[in-house]
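Chemist: So here's model-v1.cif, just mmCIF, C-alpha atoms:
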```cif
data_target
loop_
_atom_site.label_atom_id
_atom_site.label_comp_id
_atom_site.auth_asym_id
_atom_site.auth_seq_id
_atom_site.Cartn_x
_atom_site.Cartn_y
_atom_site.Cartn_z
CA GLY A 1 0.00 0.00 0.00
CA ARG A 2 2.78 2.45 0.91
CA LEU A 3 4.64 1.70 -2.31
CA ARG A 4 1.47 2.25 -4.36
CA ARG A 5 0.89 5.65 -2.76
CA HIS A 6 4.36 6.66 -3.90
CA LEU A 7 4.07 5.21 -7.38
CA LEU A 8 0.60 6.04 -8.67
CA PRO A 9 0.22 9.83 -8.16
CA GLY A 10 3.33 10.92 -9.96
CA LEU A 11 4.10 8.76 -12.97
CA ARG A 12 5.51 10.99 -15.67
CA PRO A 13 4.66 10.17 -19.30
CA VAL A 14 7.52 8.95 -21.48
CA ARG A 15 6.89 10.16 -25.02
CA ARG A 16 7.47 7.75 -27.84
CA GLU A 17 9.08 10.35 -30.07
CA LEU A 18 11.92 11.11 -27.64
CA ALA A 19 15.27 9.38 -27.94
CA ARG A 20 15.51 6.18 -25.96
CA GLY A 21 19.01 5.24 -24.89
CA GLY A 22 18.46 3.46 -21.59
CA ALA A 23 16.51 3.36 -18.36
CA VAL A 24 14.70 6.53 -17.29
CA PRO A 25 16.40 7.58 -14.03
CA LEU A 26 13.62 9.79 -12.63
CA VAL A 27 10.04 8.80 -13.32
CA LEU A 28 8.35 9.27 -9.95
CA GLN A 29 6.81 12.20 -8.20
CA SER A 30 5.80 12.27 -4.54
CA PRO A 31 2.16 12.88 -3.53
CA ASN A 32 2.82 16.47 -2.39
CA ARG A 33 4.08 17.39 -5.89
CA GLN A 34 7.71 17.73 -4.85
CA PRO A 35 10.40 17.16 -7.51
CA PRO A 36 10.61 13.61 -8.87
CA LEU A 37 12.13 11.06 -6.52
CA GLY A 38 14.97 8.82 -7.70
CA LEU A 39 14.38 5.08 -7.55
CA GLY A 40 17.26 4.50 -5.14
CA ALA A 41 15.99 7.16 -2.78
CA LEU A 42 12.46 5.76 -3.00
CA VAL A 43 13.36 2.22 -1.92
CA GLY A 44 15.61 3.63 0.79
CA ARG A 45 12.86 5.79 2.20
CA LEU A 46 10.37 2.94 2.13
CA ALA A 47 12.83 0.68 3.95
CA CYS A 48 13.34 3.26 6.67
CA GLU A 49 9.61 3.90 7.06
CA HIS A 50 9.01 0.16 7.35
CA ARG A 51 11.54 -0.10 10.16
CA GLY A 52 10.07 3.00 11.85
CA GLY A 53 11.53 4.80 14.83
CA LEU A 54 12.86 7.88 13.02
CA ALA A 55 11.10 11.13 12.30
CA ALA A 56 10.45 11.72 8.61
CA SER A 57 12.98 14.58 8.51
CA ALA A 58 15.65 12.43 10.17
CA ARG A 59 15.24 9.25 8.14
CA PRO A 60 18.38 8.53 6.15
CA THR A 61 18.29 7.53 2.51
CA ILE A 62 19.96 4.32 1.40
CA GLY A 63 20.53 3.21 -2.15
CA ALA A 64 18.77 0.37 -3.89
CA MET A 65 21.73 -1.93 -3.25
CA GLY A 66 21.57 -1.22 0.46
CA PHE A 67 17.86 -2.00 0.43
CA LEU A 68 18.47 -5.34 -1.30
CA MET A 69 21.22 -6.18 1.20
CA ALA A 70 18.81 -5.46 4.04
CA MET A 71 16.30 -7.83 2.44
CA GLU A 72 18.93 -10.56 2.23
CA THR A 73 19.65 -10.34 5.97
CA SER A 74 15.97 -10.33 6.95
CA PRO A 75 14.17 -13.61 7.80
CA GLN A 76 13.31 -15.57 4.66
CA PRO A 77 10.70 -18.29 4.06
CA ILE A 78 11.60 -21.90 3.35
CA LYS A 79 11.05 -22.42 -0.38
CA ILE A 80 10.10 -25.83 -1.76
CA ALA A 81 9.40 -26.79 -5.39
CA ILE A 82 7.73 -30.11 -6.27
CA LEU A 83 7.91 -31.47 -9.82
CA ALA A 84 5.53 -34.38 -10.31
CA MET A 85 3.46 -36.02 -13.01
CA GLY A 86 -0.26 -36.62 -13.08
CA GLY A 87 -1.48 -39.36 -10.77
CA GLU A 88 1.61 -39.36 -8.54
CA GLY A 89 0.08 -37.33 -5.72
CA GLY A 90 2.09 -34.14 -6.15
CA GLY A 91 -0.87 -32.07 -5.02
CA VAL A 92 -1.36 -34.32 -1.99
CA LEU A 93 2.33 -33.93 -1.13
CA ALA A 94 2.08 -30.14 -1.32
CA ASP A 95 -1.03 -30.20 0.86
CA TRP A 96 0.72 -32.43 3.40
CA ILE A 97 3.61 -29.95 3.67
CA VAL A 98 1.20 -27.05 4.16
CA ASP A 99 -0.81 -28.94 6.79
CA LEU A 100 2.40 -29.98 8.56
CA ALA A 101 3.65 -26.40 8.70
CA GLU A 102 0.37 -24.85 9.79
CA HIS A 103 -0.05 -27.29 12.66
CA ALA A 104 3.50 -26.45 13.74
CA GLY A 105 2.84 -22.70 13.92
CA HIS A 106 3.97 -21.56 10.46
CA TRP A 107 2.39 -19.54 7.73
CA ALA A 108 2.21 -21.68 4.60
CA GLN A 109 1.13 -21.21 1.01
CA THR A 110 0.99 -23.52 -1.99
CA THR A 111 0.34 -22.90 -5.67
CA SER A 112 0.51 -25.13 -8.73
CA VAL A 113 1.14 -24.65 -12.43
CA PRO A 114 -0.17 -27.57 -14.50
CA GLY A 115 1.56 -28.58 -17.70
CA VAL A 116 0.90 -30.91 -20.62
CA ALA A 117 4.29 -31.11 -22.29
CA GLN A 118 5.67 -34.00 -20.25
CA ARG A 119 4.03 -37.43 -20.44
CA THR A 120 0.89 -37.40 -18.27
CA GLY A 121 0.85 -33.67 -17.55
CA ALA A 122 3.75 -32.69 -15.30
CA THR A 123 2.98 -30.02 -12.74
CA ILE A 124 5.13 -27.71 -10.63
CA TYR A 125 3.84 -27.23 -7.12
CA TYR A 126 5.41 -24.47 -5.07
CA VAL A 127 5.30 -24.13 -1.28
CA GLU A 128 6.63 -21.40 1.00
CA LEU A 129 6.77 -21.73 4.79
CA PHE A 130 7.44 -18.97 7.31
CA PRO A 131 7.43 -19.32 11.13
CA LYS A 132 4.93 -17.08 12.90
CA ALA A 133 7.23 -16.52 15.87
CA THR A 134 10.08 -14.97 13.88
CA PRO A 135 12.40 -12.42 15.53
CA GLY A 136 12.14 -9.08 13.76
CA ALA A 137 8.89 -9.94 11.98
CA ASP A 138 7.01 -7.32 14.11
CA GLY A 139 3.89 -9.51 14.07
CA LEU A 140 3.32 -8.79 10.38
CA GLU A 141 1.99 -11.51 8.11
CA PRO A 142 4.57 -12.28 5.39
CA VAL A 143 3.92 -11.91 1.68
CA LEU A 144 4.70 -15.31 0.16
CA ALA A 145 5.55 -15.86 -3.50
CA LEU A 146 3.42 -17.79 -5.98
CA MET A 147 6.14 -19.24 -8.20
CA PRO A 148 9.69 -20.56 -7.75
CA LEU A 149 12.46 -18.36 -9.09
CA PRO A 150 15.75 -19.64 -10.55
CA GLY A 151 18.45 -19.62 -7.90
CA ASP A 152 15.98 -19.07 -5.05
CA VAL A 153 14.75 -22.52 -4.00
CA ASP A 154 15.86 -24.41 -0.89
CA ILE A 155 14.41 -27.87 -1.60
CA VAL A 156 13.36 -29.47 -4.90
CA LEU A 157 11.37 -32.72 -4.87
CA ALA A 158 11.24 -34.56 -8.21
CA SER A 159 9.04 -37.62 -8.69
CA GLU A 160 11.06 -38.94 -11.65
CA LEU A 161 14.59 -38.53 -12.98
CA MET A 162 13.66 -36.45 -16.03
CA GLU A 163 11.71 -34.12 -13.73
CA ALA A 164 14.90 -33.63 -11.75
CA GLY A 165 16.63 -32.75 -15.01
CA ARG A 166 13.88 -30.25 -15.81
CA ALA A 167 14.38 -28.60 -12.43
CA VAL A 168 18.11 -28.29 -13.11
CA GLN A 169 17.46 -26.91 -16.60
CA ARG A 170 15.08 -24.28 -15.22
CA GLY A 171 17.69 -23.09 -12.74
CA LEU A 172 15.68 -24.18 -9.69
CA VAL A 173 18.60 -26.28 -8.43
CA THR A 174 21.74 -24.40 -7.41
CA SER A 175 24.95 -25.58 -5.76
CA ASP A 176 24.96 -22.88 -3.08
CA ARG A 177 21.62 -23.75 -1.45
CA THR A 178 19.40 -26.40 -3.03
CA THR A 179 18.84 -29.93 -1.77
CA LEU A 180 17.49 -32.05 -4.63
CA ILE A 181 15.40 -35.11 -3.66
CA ALA A 182 14.62 -37.24 -6.71
CA SER A 183 13.46 -40.68 -7.73
CA THR A 184 15.80 -42.47 -10.11
CA HIS A 185 13.12 -44.41 -12.02
CA ARG A 186 12.17 -43.33 -15.55
CA VAL A 187 8.89 -42.58 -17.30
CA TYR A 188 9.92 -41.80 -20.85
CA SER A 189 9.03 -38.46 -22.39
CA ILE A 190 7.19 -38.01 -25.69
CA THR A 191 10.40 -37.11 -27.54
CA GLU A 192 12.11 -40.23 -26.22
CA LYS A 193 9.21 -42.45 -27.30
CA SER A 194 8.78 -40.88 -30.74
CA ALA A 195 12.46 -40.88 -31.74
CA LEU A 196 13.51 -43.04 -34.69
CA GLY A 197 15.70 -45.58 -32.94
CA ASP A 198 16.76 -45.42 -29.31
CA GLY A 199 15.90 -41.89 -28.19
CA ARG A 200 16.26 -42.48 -24.48
CA VAL A 201 18.24 -39.97 -22.43
CA ASP A 202 21.17 -41.54 -20.60
CA PRO A 203 20.13 -41.70 -16.91
CA GLU A 204 23.76 -41.55 -15.82
CA GLN A 205 24.12 -38.18 -17.53
CA LEU A 206 20.96 -36.93 -15.85
CA LEU A 207 22.29 -38.00 -12.46
CA ALA A 208 25.68 -36.43 -13.13
CA HIS A 209 24.09 -33.09 -14.05
CA ALA A 210 21.82 -33.24 -11.01
CA GLU A 211 24.70 -33.99 -8.66
CA ALA A 212 26.80 -31.18 -10.13
CA ALA A 213 23.98 -28.67 -9.89
CA ALA A 214 22.75 -29.39 -6.35
CA GLN A 215 24.29 -28.59 -3.02
CA ARG A 216 23.06 -32.01 -1.90
CA LEU A 217 21.50 -34.81 -3.94
CA VAL A 218 19.33 -37.52 -2.40
CA CYS A 219 18.14 -40.04 -4.99
CA PHE A 220 16.86 -43.60 -5.09
CA ASP A 221 14.08 -45.58 -6.78
CA MET A 222 11.03 -44.25 -4.98
CA ALA A 223 8.54 -45.81 -7.38
CA ALA A 224 9.76 -49.30 -6.47
CA LEU A 225 9.42 -48.56 -2.74
CA ALA A 226 5.93 -47.13 -3.21
CA GLU A 227 4.83 -50.22 -5.14
CA GLN A 228 6.39 -52.47 -2.54
CA GLU A 229 4.33 -50.83 0.22
CA GLY A 230 1.13 -50.55 -1.81
CA SER A 231 1.25 -46.77 -1.73
CA VAL A 232 2.10 -43.87 -4.05
CA ILE A 233 5.38 -42.07 -4.63
CA SER A 234 4.26 -38.90 -2.83
CA ALA A 235 4.41 -40.74 0.51
CA VAL A 236 8.00 -41.84 -0.18
CA LEU A 237 8.93 -38.27 -1.15
CA PHE A 238 7.37 -37.02 2.08
CA GLY A 239 9.51 -39.49 4.01
CA ALA A 240 12.65 -38.40 2.15
CA LEU A 241 11.81 -34.78 2.94
CA ALA A 242 11.66 -35.70 6.62
CA GLY A 243 14.87 -37.70 6.33
CA VAL A 244 17.04 -34.88 4.99
CA GLY A 245 16.33 -32.93 8.19
CA LEU A 246 15.97 -29.49 6.61
CA LEU A 247 12.53 -28.67 7.97
CA PRO A 248 12.07 -27.75 11.66
CA PHE A 249 9.56 -30.55 12.27
CA SER A 250 9.85 -33.94 13.99
CA ARG A 251 9.06 -37.36 12.56
CA ASP A 252 5.98 -37.52 14.78
CA GLN A 253 4.70 -34.28 13.24
CA PHE A 254 5.23 -35.66 9.72
CA GLU A 255 3.39 -38.88 10.55
CA ALA A 256 0.56 -37.02 12.27
CA THR A 257 0.04 -35.12 9.02
CA ILE A 258 -0.51 -38.38 7.12
CA GLU A 259 -2.88 -39.60 9.80
CA ARG A 260 -4.95 -36.41 9.64
CA ALA A 261 -5.43 -36.92 5.91
CA GLY A 262 -7.28 -40.15 6.69
CA LEU A 263 -6.78 -41.93 3.35
CA GLY A 264 -4.53 -44.95 2.88
CA VAL A 265 -2.90 -44.14 6.21
CA LYS A 266 -1.22 -47.48 6.91
CA SER A 267 0.34 -47.93 3.50
CA SER A 268 1.34 -44.26 3.35
CA LEU A 269 3.08 -44.52 6.72
CA ARG A 270 4.99 -47.58 5.55
CA ALA A 271 6.09 -45.80 2.37
CA PHE A 272 6.97 -42.71 4.42
CA ALA A 273 9.21 -44.81 6.68
CA GLN A 274 10.98 -46.29 3.65
CA GLY A 275 11.64 -42.86 2.19
CA LEU A 276 12.91 -41.52 5.50
CA ALA A 277 15.31 -44.45 5.95
CA GLN A 278 16.68 -44.15 2.41
CA ALA A 279 17.20 -40.38 2.79
CA HIS A 280 19.44 -41.05 5.78
CA SER A 281 21.59 -43.39 3.67
CA PRO A 282 20.70 -42.73 -0.02
CA VAL A 283 21.54 -45.39 -2.58
#
```
Turn the structure described in the file into structure tokens.

Modeler:
Amino acid sequence: GRLRRHLLPGLRPVRRELARGGAVPLVLQSPNRQPPLGLGALVGRLACEHRGGLAASARPTIGAMGFLMAMETSPQPIKIAILAMGGEGGGVLADWIVDLAEHAGHWAQTTSVPGVAQRTGATIYYVELFPKATPGADGLEPVLALMPLPGDVDIVLASELMEAGRAVQRGLVTSDRTTLIASTHRVYSITEKSALGDGRVDPEQLLAHAEAAAQRLVCFDMAALAEQEGSVISAVLFGALAGVGLLPFSRDQFEATIERAGLGVKSSLRAFAQGLAQAHSPV
């Protein structure tokens, strides 16, 4: 709201007939019709007003870089991307993570972007979690993002090896922060099936790229474990997520989430236990 009050009243028109050689440095005007405000000064002033405690006349101005640095040091949500195909329970997995977080005193949000390009309609589910009792949060409800951004994801869960490769290709997996949890089984893509001859992608190359891209790679055949326990792969992925120990929740809290769902509880708990055990000592 504060940013909108600064932006809307004073937008200056940029005429098409004028020379265009780069970014316009001054395009904003404050509500009291003072001279246009530079972008760096604007973000600095908004940052100071958000922190509060200083009179308007005494608030210092910081540049845009300083504002971005302040954002980097502020509490950040846990960011999780799930890449799954139709029928594998990706939506159920995302809902489990949200339910788990909310019962543990976190804000949580999930969104999904369905796709049709990969086999049975691969979908990206995105989840952000933020603890309600966060120092420096001032009791404000966080604004959580709707889509994963390249280089800004903490955990990627991939239900199949090619999906892990897609996550790497999209830049969602980075060596400085991302833990990649992936199943090593294959469901061949349309291009692999329609190729004249053997069009299959070498799984060893996919694994090598995934290992090079991720800070940590946890991978094993989750489809086989799910079939063995009479469950679906989402339960194994949920167990692997618990096993890597990156979320601030206990095993009991994970299992209570499955129990609250009330469907296929026994088989899901068995598959969850298998995924958790394998994540501790991945194959």

Chemist: Please provide as JSON, numbers by chain all residues within 7 Å of segment 92-96 of chain A, with the sequence filter that same-chain residues fewer than 4 positions apart are discarded (counting only C-alpha atoms).

Modeler: {"A": [100, 110, 125, 127, 234, 238, 257]}

Chemist: Mind pulling up the distance from atom CA of Gly239 of chain A to atom CA of Arg251 of chain A?

Modeler: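 Between atom CA of Arg251 of chain A and atom CA of Gly239 of chain A the gap works out to 8.8 Å.
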
Chemist: Name the residues that the PyMOL selection byres ((chain A and resi 113) around 6) picks from the file above, as a list in words, using the file's chain letters and numbers.

Modeler: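 Going through the file, the PyMOL selection byres ((chain A and resi 113) around 6) ends up selecting Ser112, Pro114, Thr123 and Ile124 of chain A.
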
Chemist: In Å, how far is it from atom CA of Ala208 of chain A to atom CA of Ile190 of chain A?

Modeler: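 Separation between atom CA of Ala208 of chain A and atom CA of Ile190 of chain A: 22.4 Å.
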
Chemist: Please compute the atom CA of Asp176 of chain A-atom CA of Val153 of chain A distance, one decimal, in Å.

Modeler: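 Those two atoms sit 10.3 Å apart.
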
Chemist: Which of these residues is nearest to Leu144 of chain A, using all atoms listed in the file: A:Ala213, A:Met162, A:Leu129, A:Leu207?

Modeler: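 The shortest atom-to-atom distance to Leu144 of chain A comes from A:Leu129.
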